[in-house]
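Participant: Structure supplied as work_2.cif; contents: mmCIF, C-alpha atoms.
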```
data_data
loop_
_atom_site.label_atom_id
_atom_site.label_comp_id
_atom_site.auth_asym_id
_atom_site.auth_seq_id
_atom_site.Cartn_x
_atom_site.Cartn_y
_atom_site.Cartn_z
CA MET A 1 10.57 -22.20 18.53
CA THR A 2 11.06 -21.98 14.77
CA ARG A 3 9.32 -19.01 13.16
CA LEU A 4 8.14 -18.68 9.57
CA ARG A 5 9.29 -15.35 8.13
CA VAL A 6 8.71 -13.41 4.92
CA HIS A 7 11.34 -10.75 4.14
CA THR A 8 11.70 -7.87 1.68
CA TYR A 9 8.56 -8.93 -0.09
CA GLY A 10 8.10 -6.20 -2.69
CA MET A 11 4.68 -4.61 -3.11
CA THR A 12 3.51 -1.58 -5.05
CA ILE A 13 1.60 1.27 -3.42
CA ASP A 14 -1.52 -0.15 -5.11
CA GLY A 15 -0.96 -3.54 -3.53
CA TYR A 16 0.58 -5.65 -6.31
CA VAL A 17 3.40 -8.10 -5.66
CA ALA A 18 3.66 -9.15 -9.32
CA GLY A 19 2.56 -7.68 -12.62
CA PRO A 20 0.03 -9.22 -15.01
CA ASN A 21 0.82 -11.72 -17.78
CA GLN A 22 3.75 -13.60 -16.26
CA THR A 23 5.82 -15.52 -18.79
CA VAL A 24 9.10 -17.41 -18.78
CA MET A 25 10.83 -14.30 -20.09
CA ASP A 26 9.00 -12.07 -17.65
CA PRO A 27 8.63 -14.07 -14.42
CA MET A 28 7.46 -11.05 -12.41
CA GLY A 29 4.87 -10.11 -15.05
CA GLU A 30 4.62 -6.84 -16.97
CA ARG A 31 6.46 -4.05 -15.14
CA GLY A 32 6.85 -6.46 -12.19
CA GLN A 33 10.61 -5.89 -12.16
CA GLU A 34 9.97 -2.27 -11.08
CA ILE A 35 8.92 -3.65 -7.69
CA HIS A 36 12.51 -4.66 -6.92
CA THR A 37 14.50 -1.94 -8.67
CA PHE A 38 15.74 -0.63 -5.32
CA LEU A 39 17.62 -3.88 -4.68
CA PHE A 40 19.54 -3.57 -7.94
CA ALA A 41 20.52 0.09 -7.67
CA ASP A 42 24.22 0.95 -8.03
CA GLU A 43 24.14 1.82 -4.38
CA VAL A 44 21.48 0.13 -2.29
CA HIS A 45 20.35 2.47 0.49
CA PRO A 46 21.67 1.36 3.91
CA VAL A 47 18.15 1.06 5.32
CA ASP A 48 17.08 -1.21 2.47
CA GLN A 49 20.33 -3.18 2.70
CA GLN A 50 20.01 -3.70 6.44
CA LEU A 51 16.45 -4.95 6.15
CA PHE A 52 17.35 -7.13 3.18
CA GLU A 53 20.07 -8.81 5.24
CA ARG A 54 17.58 -9.66 7.98
CA GLY A 55 16.18 -12.09 5.40
CA THR A 56 19.14 -14.43 5.85
CA ASP A 57 19.71 -13.80 9.57
CA GLY A 58 19.02 -16.94 11.56
CA ILE A 59 17.38 -18.72 8.63
CA GLY A 60 18.02 -22.46 8.24
CA ALA A 61 15.68 -23.35 5.38
CA THR A 62 13.52 -21.72 2.70
CA ILE A 63 10.09 -22.61 1.31
CA MET A 64 8.89 -21.38 -2.07
CA GLY A 65 6.17 -22.03 -4.60
CA ARG A 66 6.95 -23.82 -7.80
CA ASN A 67 6.72 -20.71 -9.98
CA MET A 68 9.37 -19.03 -7.88
CA PHE A 69 11.63 -21.98 -8.63
CA GLY A 70 11.08 -21.90 -12.36
CA PRO A 71 8.80 -21.69 -15.38
CA VAL A 72 8.27 -25.44 -15.88
CA ARG A 73 4.56 -26.38 -15.50
CA GLY A 74 2.90 -29.77 -15.11
CA GLU A 75 5.07 -32.89 -14.97
CA TRP A 76 8.79 -32.22 -14.60
CA GLY A 77 9.63 -34.87 -17.27
CA ASP A 78 13.29 -34.63 -18.22
CA SER A 79 13.51 -30.90 -17.57
CA ASP A 80 17.06 -29.85 -16.77
CA TRP A 81 15.90 -26.58 -15.14
CA THR A 82 17.95 -25.87 -12.00
CA GLY A 83 16.32 -22.62 -10.82
CA TRP A 84 16.63 -18.95 -11.77
CA TRP A 85 19.89 -18.48 -9.87
CA GLY A 86 22.64 -20.10 -11.91
CA PRO A 87 25.27 -22.45 -10.49
CA GLU A 88 25.48 -20.77 -7.05
CA PRO A 89 21.99 -20.09 -5.65
CA PRO A 90 22.04 -17.55 -2.81
CA TYR A 91 20.36 -19.85 -0.29
CA HIS A 92 23.21 -21.98 1.16
CA HIS A 93 20.61 -24.07 2.98
CA PRO A 94 17.87 -26.54 2.00
CA VAL A 95 15.01 -25.14 -0.09
CA PHE A 96 11.58 -26.75 -0.18
CA VAL A 97 9.63 -26.24 -3.40
CA LEU A 98 5.86 -26.77 -3.28
CA THR A 99 4.66 -28.71 -6.32
CA HIS A 100 1.95 -31.17 -7.35
CA HIS A 101 4.50 -33.26 -9.26
CA ALA A 102 7.16 -35.44 -7.63
CA LYS A 103 10.79 -34.84 -8.43
CA ASP A 104 14.05 -36.04 -6.92
CA PRO A 105 16.05 -33.57 -4.84
CA LEU A 106 18.34 -31.35 -6.87
CA VAL A 107 21.73 -30.15 -5.68
CA VAL A 108 22.91 -26.82 -7.14
CA GLY A 109 26.04 -25.31 -5.61
CA ASP A 110 25.63 -25.73 -1.88
CA THR A 111 21.83 -25.58 -2.04
CA THR A 112 19.62 -28.67 -2.18
CA PHE A 113 16.13 -28.20 -3.59
CA HIS A 114 13.54 -30.64 -2.20
CA PHE A 115 10.25 -30.99 -4.05
CA VAL A 116 7.29 -31.38 -1.68
CA THR A 117 4.04 -32.80 -3.05
CA ASP A 118 1.99 -33.14 0.13
CA GLY A 119 1.17 -29.53 0.91
CA ILE A 120 2.20 -26.52 2.95
CA ASP A 121 2.08 -28.20 6.36
CA ALA A 122 4.37 -30.99 5.21
CA ALA A 123 6.77 -28.49 3.66
CA LEU A 124 6.87 -26.43 6.85
CA ALA A 125 7.43 -29.55 8.98
CA ALA A 126 10.29 -30.71 6.76
CA ALA A 127 11.85 -27.23 6.62
CA THR A 128 11.53 -26.80 10.37
CA GLU A 129 13.23 -30.12 11.00
CA VAL A 130 16.16 -29.38 8.74
CA ALA A 131 16.48 -25.81 10.05
CA GLY A 132 17.65 -27.28 13.36
CA GLY A 133 16.29 -24.56 15.64
CA LEU A 134 16.79 -21.72 13.19
CA ASP A 135 13.86 -20.02 11.45
CA VAL A 136 12.33 -20.82 8.08
CA ARG A 137 12.03 -18.20 5.37
CA LEU A 138 8.99 -18.15 3.12
CA GLY A 139 10.23 -16.85 -0.22
CA GLY A 140 7.03 -16.51 -2.27
CA GLY A 141 5.35 -16.15 -4.64
CA CYS A 142 2.05 -14.49 -3.97
CA ALA A 143 -0.16 -17.59 -3.88
CA THR A 144 2.28 -19.40 -1.59
CA VAL A 145 2.47 -16.53 0.91
CA GLN A 146 -1.33 -16.28 0.81
CA GLN A 147 -1.71 -19.99 1.57
CA TYR A 148 0.53 -19.77 4.64
CA LEU A 149 -1.16 -16.55 5.78
CA ARG A 150 -4.60 -18.16 5.52
CA ALA A 151 -3.35 -21.13 7.52
CA GLY A 152 -2.16 -18.75 10.24
CA LEU A 153 1.41 -20.04 9.92
CA VAL A 154 3.30 -16.82 9.10
CA ASP A 155 5.06 -15.22 12.10
CA GLU A 156 6.68 -12.28 10.34
CA LEU A 157 5.68 -10.48 7.15
CA HIS A 158 8.06 -7.78 5.94
CA LEU A 159 6.68 -5.88 2.98
CA ALA A 160 8.85 -3.51 0.98
CA VAL A 161 6.31 -1.04 -0.38
CA VAL A 162 7.50 0.96 -3.37
CA PRO A 163 5.86 4.12 -4.77
CA VAL A 164 5.03 2.43 -8.06
CA VAL A 165 1.49 2.20 -9.45
CA LEU A 166 1.00 -1.02 -11.48
CA GLY A 167 -2.78 -1.05 -11.92
CA ALA A 168 -2.88 -4.81 -12.56
CA GLY A 169 -1.29 -8.06 -11.44
CA GLU A 170 -1.40 -10.16 -8.27
CA ARG A 171 -2.44 -8.45 -5.03
CA LEU A 172 -1.05 -10.01 -1.86
CA PHE A 173 -4.00 -9.05 0.35
CA ASP A 174 -6.75 -10.23 -2.00
CA GLY A 175 -8.79 -12.74 -0.05
CA ILE A 176 -6.75 -12.32 3.14
CA GLU A 177 -9.06 -11.84 6.12
CA PRO A 178 -7.87 -8.88 8.22
CA ALA A 179 -8.36 -10.99 11.36
CA LEU A 180 -5.43 -13.17 10.26
CA LEU A 181 -3.06 -10.31 11.12
CA ALA A 182 -4.99 -8.90 14.07
CA GLY A 183 -2.50 -9.99 16.73
CA PHE A 184 0.61 -8.75 14.93
CA GLU A 185 2.80 -5.85 16.00
CA ARG A 186 3.50 -3.44 13.17
CA THR A 187 6.49 -1.23 12.51
CA VAL A 188 7.40 1.07 9.65
CA VAL A 189 10.84 2.23 8.58
CA SER A 190 11.78 3.79 5.27
CA SER A 191 14.52 4.73 2.89
CA PRO A 192 13.77 7.59 0.46
CA GLY A 193 12.47 5.03 -2.02
CA VAL A 194 10.94 2.21 0.01
CA ALA A 195 8.53 1.92 2.94
CA HIS A 196 9.32 -1.21 4.91
CA VAL A 197 6.26 -2.38 6.79
CA VAL A 198 6.82 -5.29 9.16
CA PHE A 199 4.06 -7.37 10.75
CA ARG A 200 5.42 -9.56 13.55
CA ARG A 201 4.02 -11.77 16.26
CA MET B 1 1.15 28.77 -10.91
CA THR B 2 -1.47 27.37 -8.51
CA ARG B 3 -1.00 23.68 -7.73
CA LEU B 4 -3.67 21.20 -6.64
CA ARG B 5 -2.43 19.22 -3.65
CA VAL B 6 -3.67 16.25 -1.62
CA HIS B 7 -2.13 15.93 1.86
CA THR B 8 -2.05 13.29 4.59
CA TYR B 9 -4.53 11.18 2.70
CA GLY B 10 -4.79 8.05 4.83
CA MET B 11 -4.60 4.67 3.15
CA THR B 12 -4.27 1.15 4.54
CA ILE B 13 -1.50 -1.22 3.47
CA ASP B 14 -4.14 -3.03 1.40
CA GLY B 15 -5.08 0.16 -0.41
CA TYR B 16 -8.27 1.32 1.28
CA VAL B 17 -8.94 4.99 2.03
CA ALA B 18 -12.33 4.30 3.65
CA GLY B 19 -14.00 1.25 5.13
CA PRO B 20 -17.18 -0.40 3.80
CA ASN B 21 -20.75 0.53 4.76
CA GLN B 22 -20.37 4.26 5.40
CA THR B 23 -23.19 5.77 7.42
CA VAL B 24 -23.93 9.08 9.09
CA MET B 25 -22.65 7.65 12.36
CA ASP B 26 -19.65 6.08 10.68
CA PRO B 27 -18.58 8.49 7.92
CA MET B 28 -15.30 6.65 7.27
CA GLY B 29 -17.06 3.28 7.10
CA GLU B 30 -16.43 0.22 9.26
CA ARG B 31 -12.99 0.40 10.88
CA GLY B 32 -12.26 3.42 8.65
CA GLN B 33 -11.31 5.49 11.68
CA GLU B 34 -8.27 3.22 12.16
CA ILE B 35 -6.79 4.86 9.08
CA HIS B 36 -6.32 8.13 10.95
CA THR B 37 -5.58 6.94 14.48
CA PHE B 38 -2.03 8.31 14.24
CA LEU B 39 -3.36 11.87 13.96
CA PHE B 40 -5.32 11.55 17.20
CA ALA B 41 -2.61 9.97 19.33
CA ASP B 42 -1.79 11.64 22.65
CA GLU B 43 1.50 12.58 21.10
CA VAL B 44 1.58 12.80 17.32
CA HIS B 45 5.00 11.75 16.04
CA PRO B 46 7.04 14.77 14.81
CA VAL B 47 7.38 13.28 11.31
CA ASP B 48 3.61 12.83 11.03
CA GLN B 49 3.01 16.28 12.51
CA GLN B 50 5.43 17.99 10.13
CA LEU B 51 3.87 16.36 7.10
CA PHE B 52 0.39 17.08 8.38
CA GLU B 53 1.25 20.77 8.65
CA ARG B 54 2.38 20.86 5.02
CA GLY B 55 -1.32 20.42 4.28
CA THR B 56 -2.06 24.00 5.28
CA ASP B 57 1.21 25.53 4.09
CA GLY B 58 0.58 27.93 1.21
CA ILE B 59 -3.00 26.78 0.75
CA GLY B 60 -5.62 29.42 -0.14
CA ALA B 61 -8.69 27.27 -0.80
CA THR B 62 -9.96 23.71 -0.37
CA ILE B 63 -12.09 21.49 -2.61
CA MET B 64 -14.01 18.51 -1.26
CA GLY B 65 -16.73 16.10 -2.29
CA ARG B 66 -20.17 16.39 -0.81
CA ASN B 67 -19.82 13.35 1.44
CA MET B 68 -16.77 14.86 3.05
CA PHE B 69 -18.90 17.90 3.90
CA GLY B 70 -21.71 15.91 5.41
CA PRO B 71 -24.18 13.03 5.36
CA VAL B 72 -27.06 14.88 3.63
CA ARG B 73 -27.93 13.24 0.29
CA GLY B 74 -30.08 14.47 -2.59
CA GLU B 75 -31.68 17.92 -2.34
CA TRP B 76 -30.42 20.07 0.53
CA GLY B 77 -33.98 21.14 1.42
CA ASP B 78 -34.01 22.97 4.74
CA SER B 79 -31.05 21.01 6.15
CA ASP B 80 -29.25 22.96 8.85
CA TRP B 81 -26.10 20.83 8.51
CA THR B 82 -22.98 23.02 8.73
CA GLY B 83 -20.23 20.40 8.28
CA TRP B 84 -18.52 17.86 10.53
CA TRP B 85 -16.31 20.46 12.19
CA GLY B 86 -18.49 22.40 14.63
CA PRO B 87 -18.55 26.20 14.88
CA GLU B 88 -14.86 26.72 13.98
CA PRO B 89 -13.90 24.63 10.93
CA PRO B 90 -10.12 24.23 10.58
CA TYR B 91 -9.97 25.69 7.07
CA HIS B 92 -9.84 29.50 7.56
CA HIS B 93 -10.21 29.91 3.80
CA PRO B 94 -12.95 29.30 1.22
CA VAL B 95 -14.04 25.69 0.74
CA PHE B 96 -15.67 24.47 -2.47
CA VAL B 97 -18.03 21.52 -2.06
CA LEU B 98 -18.85 19.48 -5.18
CA THR B 99 -22.56 18.67 -5.35
CA HIS B 100 -25.31 18.06 -7.88
CA HIS B 101 -27.72 20.21 -5.86
CA ALA B 102 -27.49 24.00 -5.63
CA LYS B 103 -27.18 25.62 -2.23
CA ASP B 104 -26.34 29.13 -1.05
CA PRO B 105 -22.89 29.72 0.42
CA LEU B 106 -22.64 28.93 4.10
CA VAL B 107 -20.46 30.85 6.55
CA VAL B 108 -19.23 28.88 9.58
CA GLY B 109 -16.64 30.58 11.77
CA ASP B 110 -14.18 32.17 9.36
CA THR B 111 -14.78 29.55 6.66
CA THR B 112 -17.21 30.03 3.79
CA PHE B 113 -18.47 26.89 2.08
CA HIS B 114 -19.40 27.35 -1.58
CA PHE B 115 -21.50 24.69 -3.28
CA VAL B 116 -20.42 24.02 -6.86
CA THR B 117 -22.85 22.25 -9.19
CA ASP B 118 -20.98 22.48 -12.50
CA GLY B 119 -18.19 19.99 -12.00
CA ILE B 120 -14.57 19.58 -11.03
CA ASP B 121 -13.11 22.03 -13.55
CA ALA B 122 -15.44 24.81 -12.41
CA ALA B 123 -14.62 24.08 -8.76
CA LEU B 124 -10.89 24.20 -9.46
CA ALA B 125 -11.23 27.44 -11.43
CA ALA B 126 -13.21 29.08 -8.64
CA ALA B 127 -10.84 27.81 -5.95
CA THR B 128 -7.80 28.91 -7.93
CA GLU B 129 -9.22 32.39 -8.38
CA VAL B 130 -9.99 32.86 -4.70
CA ALA B 131 -6.65 31.33 -3.63
CA GLY B 132 -4.97 34.42 -5.06
CA GLY B 133 -1.71 32.77 -6.09
CA LEU B 134 -1.63 30.25 -3.28
CA ASP B 135 -2.26 26.54 -3.88
CA VAL B 136 -5.54 24.64 -3.64
CA ARG B 137 -5.92 21.64 -1.38
CA LEU B 138 -8.02 18.70 -2.49
CA GLY B 139 -9.51 17.26 0.69
CA GLY B 140 -11.28 14.12 -0.51
CA GLY B 141 -13.07 11.81 -0.38
CA CYS B 142 -12.01 8.92 -2.52
CA ALA B 143 -14.27 9.49 -5.54
CA THR B 144 -13.36 13.18 -5.64
CA VAL B 145 -9.61 12.53 -5.57
CA GLN B 146 -10.07 9.87 -8.26
CA GLN B 147 -11.96 12.32 -10.49
CA TYR B 148 -9.19 14.91 -10.27
CA LEU B 149 -6.50 12.25 -10.79
CA ARG B 150 -8.26 10.95 -13.90
CA ALA B 151 -8.50 14.50 -15.25
CA GLY B 152 -4.74 14.90 -14.75
CA LEU B 153 -5.28 17.88 -12.45
CA VAL B 154 -3.54 16.70 -9.26
CA ASP B 155 0.00 18.06 -8.80
CA GLU B 156 0.83 16.50 -5.46
CA LEU B 157 -0.55 13.37 -3.82
CA HIS B 158 0.64 12.67 -0.28
CA LEU B 159 -0.56 9.31 1.00
CA ALA B 160 -0.21 8.37 4.66
CA VAL B 161 -0.01 4.58 4.47
CA VAL B 162 -0.78 2.82 7.74
CA PRO B 163 -0.04 -0.84 8.56
CA VAL B 164 -3.71 -1.70 8.90
CA VAL B 165 -5.45 -4.40 6.86
CA LEU B 166 -9.09 -3.52 6.17
CA GLY B 167 -10.02 -6.12 3.56
CA ALA B 168 -12.93 -4.05 2.23
CA GLY B 169 -13.95 -0.49 1.48
CA GLU B 170 -12.94 2.10 -1.11
CA ARG B 171 -9.58 1.71 -2.83
CA LEU B 172 -8.00 4.93 -4.06
CA PHE B 173 -6.17 3.36 -7.00
CA ASP B 174 -9.10 1.34 -8.35
CA GLY B 175 -9.57 2.45 -11.94
CA ILE B 176 -6.59 4.83 -11.86
CA GLU B 177 -4.41 4.30 -14.92
CA PRO B 178 -0.74 4.06 -13.84
CA ALA B 179 0.18 6.40 -16.71
CA LEU B 180 -1.61 9.23 -14.86
CA LEU B 181 1.23 9.29 -12.33
CA ALA B 182 4.05 8.39 -14.70
CA GLY B 183 5.71 11.81 -14.64
CA PHE B 184 5.63 12.26 -10.87
CA GLU B 185 8.64 12.27 -8.55
CA ARG B 186 8.16 10.00 -5.57
CA THR B 187 9.55 10.24 -2.06
CA VAL B 188 9.03 8.15 1.05
CA VAL B 189 9.49 9.17 4.67
CA SER B 190 8.15 7.40 7.73
CA SER B 191 7.39 7.56 11.39
CA PRO B 192 7.30 4.25 13.26
CA GLY B 193 3.60 3.99 12.50
CA VAL B 194 3.07 5.66 9.11
CA ALA B 195 4.72 5.50 5.69
CA HIS B 196 4.30 8.85 3.98
CA VAL B 197 4.49 8.42 0.21
CA VAL B 198 4.48 11.63 -1.82
CA PHE B 199 3.90 11.85 -5.56
CA ARG B 200 4.79 15.29 -6.90
CA ARG B 201 5.19 16.96 -10.27
#
```
Let me see the file written as structure tokens.
Facilitator:
Amino acid sequence: MTRLRVHTYGMTIDGYVAGPNQTVMDPMGERGQEIHTFLFADEVHPVDQQLFERGTDGIGATIMGRNMFGPVRGEWGDSDWTGWWGPEPPYHHPVFVLTHHAKDPLVVGDTTFHFVTDGIDAALAAATEVAGGLDVRLGGGCATVQQYLRAGLVDELHLAVVPVVLGAGERLFDGIEPALLAGFERTVVSSPGVAHVVFRR
Amino acid sequence: MTRLRVHTYGMTIDGYVAGPNQTVMDPMGERGQEIHTFLFADEVHPVDQQLFERGTDGIGATIMGRNMFGPVRGEWGDSDWTGWWGPEPPYHHPVFVLTHHAKDPLVVGDTTFHFVTDGIDAALAAATEVAGGLDVRLGGGCATVQQYLRAGLVDELHLAVVPVVLGAGERLFDGIEPALLAGFERTVVSSPGVAHVVFRR
């Protein structure tokens, strides 16, 4: 049974998963990059590293929202945007990008990006099929994770809570009914800089 | 130098330190008691226990808001309320209760409750004096901790973050400017059920 999993999803102690005023130059919003500082330290703590690596373990496809793919809005037109990741995206499996605007699949390195215009269920069905028995990772962003949570489709939600206070931005749990997570087991592990909270069913 | 410290202050993963609709029968609000379940387990985890005990270590006085003392509102009148804690409150040192309504000191067991009507600075001054070189603990509730945070008077803020989603209630960081905590060191330690996040300066 394919499971839909969210991994190392950074959140501040005051609940924000992105800062305010996102722009092309600042895709995580103001101060949003502080949420993921621990992943870019000279030496990533072994606890953080181990949990980060679970995010690729047994994953056969990824789903993400359009804004996580890039800054282009509206029709794709003749945009030559190929994602934030340069010539070798770290996925190495098919990625399904939710969008309202059709676009042909895009091959970058060994990753193919498919653009899905008919909603989250269709994206999950397509990702599940191509994952061939492996799980599907839900990459983000906030609105995309919220949509799948509200639809009751997320099987694992791993939040990496950092002791940063942002005061503004996008809050993951805004509008998420507590009952949606009622049946989930919860575990906590931490490095000195990050509290990893995992909801799993 | 006396420091003002908050310890084992329970908060949900979505930021709530109390549930909605607090009543006399339900002083933590709906589902608010789930925030502190870990402290009432048959066997408290050693990590949680050790951090909990730091809350009495080197403390010579406690400050709390009126609602943390009891459910009486407005004038005290001839209320015979002596606190939530029965005949032997766990403080064993003077407690200063912030209130807008004067009341004579109240001795319960070996704890004397003083009722302070002239604000948070006066309460901290009185608590500091009686602490005799020890630190002062700030007990809560939410509005009281927020007032001291906004005044820049809190030196240590230990949050016990639990993997519970409440969806409603009082959020500690609502209206707290991030700059207020900018100079604080942060550490994270966890038991399997609680992420302890400590801000300290």
Participant: Compile the contact shell of A:Ala160 as a list in words: residues with an atom at most 7 Å away, counting all atoms listed in the file, same-chain residues fewer than 2 positions apart removed.
Facilitator: Thr8, Tyr9, Gly10, Met11, His158, Val162, Val194, Ala195, His196 and Val197 of chain A
Participant: Could you please select, counting all atoms listed in the file, the residues of chain A within 6 Å of chain B and state them as a short mmCIF file (atom, residue, chain, number, x, y, z; two decimals) with C-alpha atoms, in the frame of the given file?
Facilitator:
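Result written to out_30.cif:
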```cif
data_model
loop_
_atom_site.label_atom_id
_atom_site.label_comp_id
_atom_site.auth_asym_id
_atom_site.auth_seq_id
_atom_site.Cartn_x
_atom_site.Cartn_y
_atom_site.Cartn_z
CA ASP A 14 -1.52 -0.15 -5.11
CA GLY A 15 -0.96 -3.54 -3.53
CA VAL A 165 1.49 2.20 -9.45
CA LEU A 166 1.00 -1.02 -11.48
CA GLY A 167 -2.78 -1.05 -11.92
CA PRO A 178 -7.87 -8.88 8.22
CA THR A 187 6.49 -1.23 12.51
CA VAL A 188 7.40 1.07 9.65
CA VAL A 189 10.84 2.23 8.58
CA SER A 190 11.78 3.79 5.27
CA PRO A 192 13.77 7.59 0.46
CA GLY A 193 12.47 5.03 -2.02
CA ALA A 195 8.53 1.92 2.94
#
```
Participant: Atom CA of B:Glu170 and atom CA of B:Thr144 are how many Å apart?
Facilitator: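 Computed distance, atom CA of B:Glu170 to atom CA of B:Thr144, equals 12.0 Å.
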Participant: Just checking: using all atoms listed in the file, which residue out of B:Arg73, B:Arg31, B:Arg200, B:Arg5 ends up closest to B:Arg54?
Facilitator: B:Arg5
Participant: In Å, how far is it from atom CA of B:Gln147 to atom CA of B:Gly19?
Facilitator: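 If I compute the distance from atom CA of B:Gln147 to atom CA of B:Gly19, I get 19.3 Å.
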Participant: Assuming the chain letters and numbering stay as they are in my file, what does the PyMOL selection byres ((chain A and resi 118) around 12) actually select? List them as an MDAnalysis selection string.
Facilitator: chainID A and resid 96:102 115:117 119:126
Participant: How many Å lie between atom CA of A:Val95 and atom CA of A:Ile35, rounded to one decimal?
Facilitator: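 Answer for the atom CA of A:Val95 to atom CA of A:Ile35 separation: 23.6 Å.
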Participant: Need to verify the contact set: B:Asp78, 12 Å, only C-alpha atoms, exclusion of same-chain residues closer than 6 positions in sequence. Can you return it as a list in words?
Facilitator: Val72, Lys103 and Asp104 of chain B
Participant: Which residue out of B:Asn67, B:Thr111, B:Ser79, B:Thr128 has the minimum interatomic distance to B:Pro27 when only C-alpha atoms are used?
Facilitator: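 Using only C-alpha atoms, the shortest distance to B:Pro27 belongs to B:Asn67.
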Participant: Got a sec to resolve the PyMOL selection byres ((chain B and resi 3) around 8) on this structure and send the residues as a list in words?
Facilitator: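 Residues picked by the PyMOL selection byres ((chain B and resi 3) around 8): Met1, Thr2, Leu4, Arg5, Leu134, Asp135, Val136, Val154, Asp155 and Glu156 of chain B.
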Participant: Deliver the residues from the most recent selection as a file, using C-alpha atoms, as a compact mmCIF listing (two decimals), in the coordinates of the input.
Facilitator:
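The file below, part-v6.txt, is the result:
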```txt
# COMPACT_ATOMS: atom_id res chain seq x y z
CA MET B 1 1.15 28.77 -10.91
CA THR B 2 -1.47 27.37 -8.51
CA LEU B 4 -3.67 21.20 -6.64
CA ARG B 5 -2.43 19.22 -3.65
CA LEU B 134 -1.63 30.25 -3.28
CA ASP B 135 -2.26 26.54 -3.88
CA VAL B 136 -5.54 24.64 -3.64
CA VAL B 154 -3.54 16.70 -9.26
CA ASP B 155 0.00 18.06 -8.80
CA GLU B 156 0.83 16.50 -5.46
```
Participant: Got a sec to resolve the PyMOL selection byres ((chain A and resi 59-62) around 8) on this structure and send the residues as a VMD selection string?
Facilitator: chain A and resid 55 to 58 63 to 64 91 93 to 96 127 to 128 130 to 139
Participant: So which one's closest to A:Val107, A:Pro46, A:Gly183, A:Gly86, A:Gly29? Using only C-alpha atoms, please.
Facilitator: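 With only C-alpha atoms as the atom set, the closest residue is A:Gly86.
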Participant: Generate the missing atoms of stretch 191-201 of chain A up to N, CA, C and O atoms and report them as a PDB file, in the frame of the given file.
Facilitator:
```pdb
ATOM      1  N   SER A 191      13.476   4.014   3.619  1.00  0.00           N
ATOM      2  CA  SER A 191      14.520   4.730   2.890  1.00  0.00           C
ATOM      3  C   SER A 191      13.778   5.754   2.022  1.00  0.00           C
ATOM      4  O   SER A 191      12.551   5.757   1.999  1.00  0.00           O
ATOM      5  N   PRO A 192      14.501   6.615   1.305  1.00  0.00           N
ATOM      6  CA  PRO A 192      13.770   7.590   0.460  1.00  0.00           C
ATOM      7  C   PRO A 192      12.947   6.943  -0.651  1.00  0.00           C
ATOM      8  O   PRO A 192      12.086   7.586  -1.245  1.00  0.00           O
ATOM      9  N   GLY A 193      13.190   5.660  -0.927  1.00  0.00           N
ATOM     10  CA  GLY A 193      12.470   5.030  -2.020  1.00  0.00           C
ATOM     11  C   GLY A 193      11.585   3.858  -1.641  1.00  0.00           C
ATOM     12  O   GLY A 193      10.841   3.345  -2.475  1.00  0.00           O
ATOM     13  N   VAL A 194      11.660   3.420  -0.398  1.00  0.00           N
ATOM     14  CA  VAL A 194      10.940   2.210   0.010  1.00  0.00           C
ATOM     15  C   VAL A 194      10.378   2.362   1.421  1.00  0.00           C
ATOM     16  O   VAL A 194      11.080   2.805   2.330  1.00  0.00           O
ATOM     17  N   ALA A 195       9.128   1.998   1.605  1.00  0.00           N
ATOM     18  CA  ALA A 195       8.530   1.920   2.940  1.00  0.00           C
ATOM     19  C   ALA A 195       8.522   0.461   3.370  1.00  0.00           C
ATOM     20  O   ALA A 195       7.848  -0.372   2.752  1.00  0.00           O
ATOM     21  N   HIS A 196       9.285   0.166   4.401  1.00  0.00           N
ATOM     22  CA  HIS A 196       9.320  -1.210   4.910  1.00  0.00           C
ATOM     23  C   HIS A 196       8.295  -1.335   6.023  1.00  0.00           C
ATOM     24  O   HIS A 196       8.396  -0.668   7.047  1.00  0.00           O
ATOM     25  N   VAL A 197       7.322  -2.171   5.806  1.00  0.00           N
ATOM     26  CA  VAL A 197       6.260  -2.380   6.790  1.00  0.00           C
ATOM     27  C   VAL A 197       6.384  -3.817   7.293  1.00  0.00           C
ATOM     28  O   VAL A 197       6.333  -4.758   6.502  1.00  0.00           O
ATOM     29  N   VAL A 198       6.586  -3.958   8.597  1.00  0.00           N
ATOM     30  CA  VAL A 198       6.820  -5.290   9.160  1.00  0.00           C
ATOM     31  C   VAL A 198       5.690  -5.649  10.127  1.00  0.00           C
ATOM     32  O   VAL A 198       5.404  -4.913  11.073  1.00  0.00           O
ATOM     33  N   PHE A 199       5.041  -6.767   9.848  1.00  0.00           N
ATOM     34  CA  PHE A 199       4.060  -7.370  10.750  1.00  0.00           C
ATOM     35  C   PHE A 199       4.781  -8.507  11.471  1.00  0.00           C
ATOM     36  O   PHE A 199       5.399  -9.357  10.833  1.00  0.00           O
ATOM     37  N   ARG A 200       4.660  -8.560  12.794  1.00  0.00           N
ATOM     38  CA  ARG A 200       5.420  -9.560  13.550  1.00  0.00           C
ATOM     39  C   ARG A 200       4.602 -10.008  14.763  1.00  0.00           C
ATOM     40  O   ARG A 200       3.958  -9.188  15.417  1.00  0.00           O
ATOM     41  N   ARG A 201       4.660 -11.294  15.033  1.00  0.00           N
ATOM     42  CA  ARG A 201       4.020 -11.770  16.260  1.00  0.00           C
ATOM     43  C   ARG A 201       4.969 -12.651  17.042  1.00  0.00           C
ATOM     44  O   ARG A 201       6.017 -13.024  16.511  1.00  0.00           O
TER      45      ARG A 201
END
```
